[in-house]
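Take a look at the structure set out below.
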Amino acid sequence: MTASQLKPEALATEPAKSLSQQQTQFFIPATASLHERRPRTLKHGDSFAVFDHSGDAIAGPGSPEGLYHRDTRHLSHLYLTINGSRPILLSSALRDDNAMLTCDLTNPDFAGDDGRVAVEHDLIHLRRTRFLWESAIHERITIRNFDTDSRTVTVNIGFAADFADLFEIRGMTRLRKGEMKTPVIGATDVLLAYEGRDARTRETHLCFDPQPQELTESHAAFEVTVPAGERRTLYMRIACERLDPQPGPFSRQFLKALRESMQSLKQARARGATVRSSNPLFDEVTRRSVADITMLSTDTEYGPYPYAGIPWFSTVFGRDAIITALETLWLDPAISRGVLGYLAEHQATAFDPAADAEPGKILHEVRHGEMAELGEVPFRHYYGSIDSTPLFVMLAGAYLERTADTAFITKLLPNIDAALRWIDEHGDRDGDGFVEYGRLTDQGLANQGWKDSHDSVFHADGSIARGPIALAEVQAYVYGAWRAAEAIHCTLGDAARGLDYGARADRFRDLFDAAFFDAQLGTYVLALDGEKKACRVRSSNAGHVLFTGLALAKRAEPVVRTLMAPASFSGWGVRTIASTEARYNPMSYHNGSIWPHDNALIASGFSRYGYRKEAAKIFEGLFAAATYVDLMRLPELFCGFPRRRAQGPTFYPVACSPQAWSAAAPLSLIQSSLGIGFDVAAAEISLCEPALPRFLDELRLYGLRVGDASVDIAFDRMGDKVVVKPLDRTGSARVVTIA
């Protein structure tokens, strides 16, 4: 059954809910600014944790802090005190590789029985060393006495587990919940449990060493005597499941798990090339980018899969992972292989309106929490994105070009062909040649492009566009999918079919240009609505048309000029919507904000059409923004206010950080600047008109692989020119510069 055979109301071209209901359905409320909290995040596998700078998780309305596993919060409160007072924060730092969080604390003044200061501040030092490994937080608390007298202190650790579903924490209200089980309290451990309405029991197991003087369902208290100049150590493990007793002392268990965690991260980082430059700040940005992508990537049976972002999107997303893979493909092809393998295995094979699924469609999102299991949210296996499917084909073609891994792509060919059939049979809902979206259930997302806010697709007068909606960038991805299909089929021996896709892509360029290019705007329109009326809005979406090569050559100049005009380019990056448009709001999610991944794709499009100077301006803007951000970590987005001299960007209150496709943006910008390409058959790395932005005089790539060979390359900027010099190589790799 095709989409046209479904009942008209199933297409949901008219809103089935009030506007206020649509706005709040899956909205993330900004009751507190994540940037203000500057949380410290850890992740491994399907678990992640969010703490404040002191290493605590403070329970309260709007707080995202705690330990999560598969969309359930297993620890909602963690609070350390010494002698009844919260210690004073000295510093808080994540390792450069994200392996470990270290919080240095000290005592406040302690009063005696007479009310006078008995112990002055800054005499007792506490160091909390913590990491996340195999669904458990491992923590070592070292207490050191710098006083001249022995001191006895009470260290109290309060804790709680609310077992809240992530969507509850995001603001959704549940009328019915499961049942909290009676805590099981042992001499050194506490088991907290919750019986969900989905008949699943979720547990949090806290273990302590040494044995606390007092242990209840909500706190552990330790009386610790520390002689002058000496130290004592406490250990704590918080697991998202019941753990059997582990052999050996806690100290040995802690170090063993830490070694395994750090070794795993080291091996993942070693897969890709290494970037070094003459700018220490840029080196910090790239190190953090690689570390964040490594941390966010969960090992699956298909390979590494980058989860979208912390705290709201630490799960499988199709679109986000594909774009992250495209951004990092030149550096580490293993990510692309993992993404392609996972998404192929979970491709839709039948109609399921509740999940917005149609045969051949690629996943949008996977959730494992109680609300998803019960159908209270539609995201258990949800397919409501219009762009994941053509992007999947694009990534398959790009991966084949990068690696020449014909065996893997041959295995995926049925999935690739199913995705291509979806574009024809279900993507083009009305037969006009364009791919449109219209959700199959009013429980799903109303807008299904990457700008999926309720008000992100609108007309010049600000009125909301009604669907089915054909987005400009989705047509660009379809064009990219057909070009990829051309290359895949020609490479795998079906030249006739490949050339047919190539001919379709050629014809599509003219069809798209006639319908989407607006000479008066000087760019492509945002979208066509359900009546084929153009949404005459200047948006960043037009840059994606350049990214895939859909734009006619004569259109590139006006599109670049429009995107780099002050109305669109803030100085930090290109805004999602120009400041001239009716719904422009620099503090909105999609209508005037700046997204690093969006800008990375735009810069790639600029480079494709030869506008490297403009691409370099985007690179410079995003790098400058990163230098103002905690940990040099580009967030999911930031506000679109104009750049002001000697001031940093304005932050968006609930932006995820880290976010995979934002972390990958600086790496993508390197490729765009250097024009890096690969010819595996010739063992050749090509550099097309390489350029470096003004903040880089030198850049070095170490271990850049092509096939079984690798090469180290030096880039030195000499005025407007870049001198390229191979430094070392293994195998027969060649480096070719194309002027």
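Every chain in the structure tokens takes a letter, A first, then B, and so on in the order presented; its residues are numbered from 1, and the ligands are numbered from 1 following the presented order.
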
Note to self: Which residues are close to Pro378 (chain A), i.e. within 12 Å by only C-alpha atoms, leaving aside same-chain residues fewer than 6 positions away? Reply as a PyMOL selection string.
What the structure shows: chain A and resi 25-26+167+352-357+364-372+384+439-445

Suppose we keep N, CA and C atoms; can you now write the selection as an mmCIF file, in the first residue's frame?
```cif
data_model
loop_
_atom_site.group_PDB
_atom_site.id
_atom_site.type_symbol
_atom_site.label_atom_id
_atom_site.label_comp_id
_atom_site.auth_asym_id
_atom_site.auth_seq_id
_atom_site.Cartn_x
_atom_site.Cartn_y
_atom_site.Cartn_z
ATOM 1 N N GLN A 25 4.111 19.269 22.702
ATOM 2 C CA GLN A 25 4.046 17.814 22.624
ATOM 3 C C GLN A 25 5.382 17.159 22.957
ATOM 4 N N PHE A 26 6.428 17.577 22.273
ATOM 5 C CA PHE A 26 7.752 17.019 22.550
ATOM 6 C C PHE A 26 8.748 18.153 22.790
ATOM 7 N N PHE A 167 11.439 11.492 28.808
ATOM 8 C CA PHE A 167 10.423 12.417 28.309
ATOM 9 C C PHE A 167 9.692 13.108 29.456
ATOM 10 N N ASP A 352 3.500 1.005 9.107
ATOM 11 C CA ASP A 352 3.109 1.130 10.509
ATOM 12 C C ASP A 352 2.842 2.608 10.763
ATOM 13 N N PRO A 353 1.601 3.071 10.557
ATOM 14 C CA PRO A 353 1.319 4.505 10.698
ATOM 15 C C PRO A 353 1.695 5.066 12.064
ATOM 16 N N ALA A 354 1.561 4.264 13.127
ATOM 17 C CA ALA A 354 1.889 4.756 14.462
ATOM 18 C C ALA A 354 3.359 5.114 14.593
ATOM 19 N N ALA A 355 4.210 4.469 13.792
ATOM 20 C CA ALA A 355 5.646 4.753 13.811
ATOM 21 C C ALA A 355 6.089 5.550 12.594
ATOM 22 N N ASP A 356 5.144 6.010 11.769
ATOM 23 C CA ASP A 356 5.449 6.723 10.527
ATOM 24 C C ASP A 356 6.342 5.876 9.620
ATOM 25 N N ALA A 357 6.143 4.582 9.647
ATOM 26 C CA ALA A 357 7.004 3.665 8.886
ATOM 27 C C ALA A 357 6.358 3.279 7.558
ATOM 28 N N HIS A 364 14.327 7.305 12.138
ATOM 29 C CA HIS A 364 14.590 8.629 12.690
ATOM 30 C C HIS A 364 15.145 8.510 14.107
ATOM 31 N N GLU A 365 14.538 7.654 14.931
ATOM 32 C CA GLU A 365 14.878 7.667 16.355
ATOM 33 C C GLU A 365 14.499 6.336 16.980
ATOM 34 N N VAL A 366 15.280 5.917 17.983
ATOM 35 C CA VAL A 366 14.983 4.725 18.769
ATOM 36 C C VAL A 366 14.986 5.119 20.241
ATOM 37 N N ARG A 367 13.964 4.652 20.973
ATOM 38 C CA ARG A 367 13.912 4.891 22.413
ATOM 39 C C ARG A 367 13.625 3.583 23.131
ATOM 40 N N HIS A 368 14.141 3.480 24.369
ATOM 41 C CA HIS A 368 14.023 2.247 25.136
ATOM 42 C C HIS A 368 13.303 2.449 26.464
ATOM 43 N N GLY A 369 12.846 3.661 26.747
ATOM 44 C CA GLY A 369 12.236 3.935 28.039
ATOM 45 C C GLY A 369 10.824 3.390 28.163
ATOM 46 N N GLU A 370 10.292 3.503 29.373
ATOM 47 C CA GLU A 370 8.956 2.978 29.667
ATOM 48 C C GLU A 370 7.886 3.643 28.815
ATOM 49 N N MET A 371 7.981 4.950 28.616
ATOM 50 C CA MET A 371 6.957 5.654 27.848
ATOM 51 C C MET A 371 6.962 5.207 26.390
ATOM 52 N N ALA A 372 8.132 4.962 25.831
ATOM 53 C CA ALA A 372 8.201 4.456 24.460
ATOM 54 C C ALA A 372 7.672 3.038 24.377
ATOM 55 N N GLY A 384 9.784 8.968 11.503
ATOM 56 C CA GLY A 384 9.249 10.242 11.052
ATOM 57 C C GLY A 384 10.289 11.290 10.713
ATOM 58 N N ARG A 439 2.954 13.583 8.074
ATOM 59 C CA ARG A 439 3.002 12.507 9.067
ATOM 60 C C ARG A 439 1.775 11.614 8.981
ATOM 61 N N LEU A 440 1.962 10.365 9.327
ATOM 62 C CA LEU A 440 0.903 9.366 9.264
ATOM 63 C C LEU A 440 0.128 9.256 10.567
ATOM 64 N N THR A 441 0.585 9.941 11.604
ATOM 65 C CA THR A 441 -0.093 9.924 12.896
ATOM 66 C C THR A 441 0.059 11.282 13.550
ATOM 67 N N ASP A 442 -0.993 11.751 14.219
ATOM 68 C CA ASP A 442 -0.884 13.053 14.874
ATOM 69 C C ASP A 442 -0.064 12.982 16.148
ATOM 70 N N GLN A 443 0.406 11.768 16.503
ATOM 71 C CA GLN A 443 1.314 11.637 17.640
ATOM 72 C C GLN A 443 2.769 11.898 17.237
ATOM 73 N N GLY A 444 3.040 11.921 15.938
ATOM 74 C CA GLY A 444 4.409 12.086 15.472
ATOM 75 C C GLY A 444 4.791 13.541 15.298
ATOM 76 N N LEU A 445 5.985 13.739 14.734
ATOM 77 C CA LEU A 445 6.490 15.093 14.518
ATOM 78 C C LEU A 445 5.749 15.738 13.354
#
```

Notebook entry, point to check: Phe146 (chain A): which residues within 7 Å, counting only C-alpha atoms, same-chain residues fewer than 2 positions away excluded, as a PyMOL selection string?
Noted result: chain A and resi 123-124+144+148+228-229

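Remark: for Lys533 (chain A), the closest of the candidate residues A:Pro247, A:Arg466, A:Phe379, A:Leu550 is A:Arg466 (distances computed over only C-alpha atoms).
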
Check: Leaving out Arg497 (chain A) and any residue of its chain fewer than 6 positions from it, which residues lie within 8 Å of it when counting only C-alpha atoms, given as number ranges by chain?
Finding: A: 486, 489-490

Margin query: Using only C-alpha atoms, can you tell me which of A:Gly703, A:Pro666, A:Gly719, A:Pro245 comes closest to Asp332 (chain A)?
Written below: A:Gly703

Item checked: Nearby residues (only C-alpha atoms) at most 8 Å from Ile293 (chain A), same-chain spacing under 3 positions excluded, as a list in words -> Ser289, Val290, Leu296, Ser297, Pro306, Ala660, Ala663 and Ala664 of chain A

How would the residues just picked look written out with N, CA and C atoms as a short mmCIF file (atom, residue, chain, number, x, y, z; two decimals), in the first residue's frame?
```cif
data_model
loop_
_atom_site.label_atom_id
_atom_site.label_comp_id
_atom_site.auth_asym_id
_atom_site.auth_seq_id
_atom_site.Cartn_x
_atom_site.Cartn_y
_atom_site.Cartn_z
N SER A 289 36.75 17.68 19.89
CA SER A 289 35.83 17.15 18.88
C SER A 289 35.98 15.64 18.74
N VAL A 290 37.22 15.20 18.59
CA VAL A 290 37.47 13.76 18.44
C VAL A 290 37.06 13.01 19.71
N LEU A 296 30.58 9.73 22.44
CA LEU A 296 29.18 9.60 22.04
C LEU A 296 28.93 8.34 21.22
N SER A 297 29.97 7.75 20.66
CA SER A 297 29.80 6.57 19.82
C SER A 297 29.66 5.31 20.67
N PRO A 306 27.44 6.87 16.47
CA PRO A 306 27.41 8.09 17.29
C PRO A 306 25.99 8.45 17.72
N ALA A 660 26.84 15.29 18.67
CA ALA A 660 27.74 14.60 17.73
C ALA A 660 27.99 15.42 16.48
N ALA A 663 30.13 18.38 17.24
CA ALA A 663 31.52 17.99 17.50
C ALA A 663 32.26 17.70 16.20
N ALA A 664 31.55 17.15 15.22
CA ALA A 664 32.19 16.81 13.95
C ALA A 664 32.39 18.00 13.04
#
```

Checklist line | Using only C-alpha atoms: which of A:Leu492, A:Leu215, A:Val226, A:Ile169 has the shortest distance to Trp312 (chain A) | finding: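 Closest candidate: A:Ile169.
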
Item checked: Residue contacts of Asp728 (chain A) (9 Å, only C-alpha atoms) excluding same-chain residues fewer than 2 positions away, as a ChimeraX atom specification -> /A:702-703,710-713,726,730

Note to self: What's around Arg231 (chain A) at 12 Å? Count only C-alpha atoms, leave out sequence neighbours fewer than 4 positions away in its own chain, and write the answer as a ChimeraX atom specification.
What the structure shows: /A:124-127,141-147,150-152,224-227

Next item on the list: Would you kindly return, as a VMD selection string, each protein, DNA or RNA residue with an atom no farther than 7 Å from any atom of Ile618 (chain A), considering only C-alpha atoms and excluding same-chain residues fewer than 2 positions away?
Entry: chain A and resid 573 599 603 614 to 616 620 to 622

Checklist line | Picked from region 285-376 of chain A by DSSP as helix (DSSP H, G or I), as number ranges by chain | finding: A: 285-296, 318-328, 333-345, 353-355, 370-374

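You will find CA of Asn107 (chain A) at 23.7 Å from CA of Val50 (chain A).
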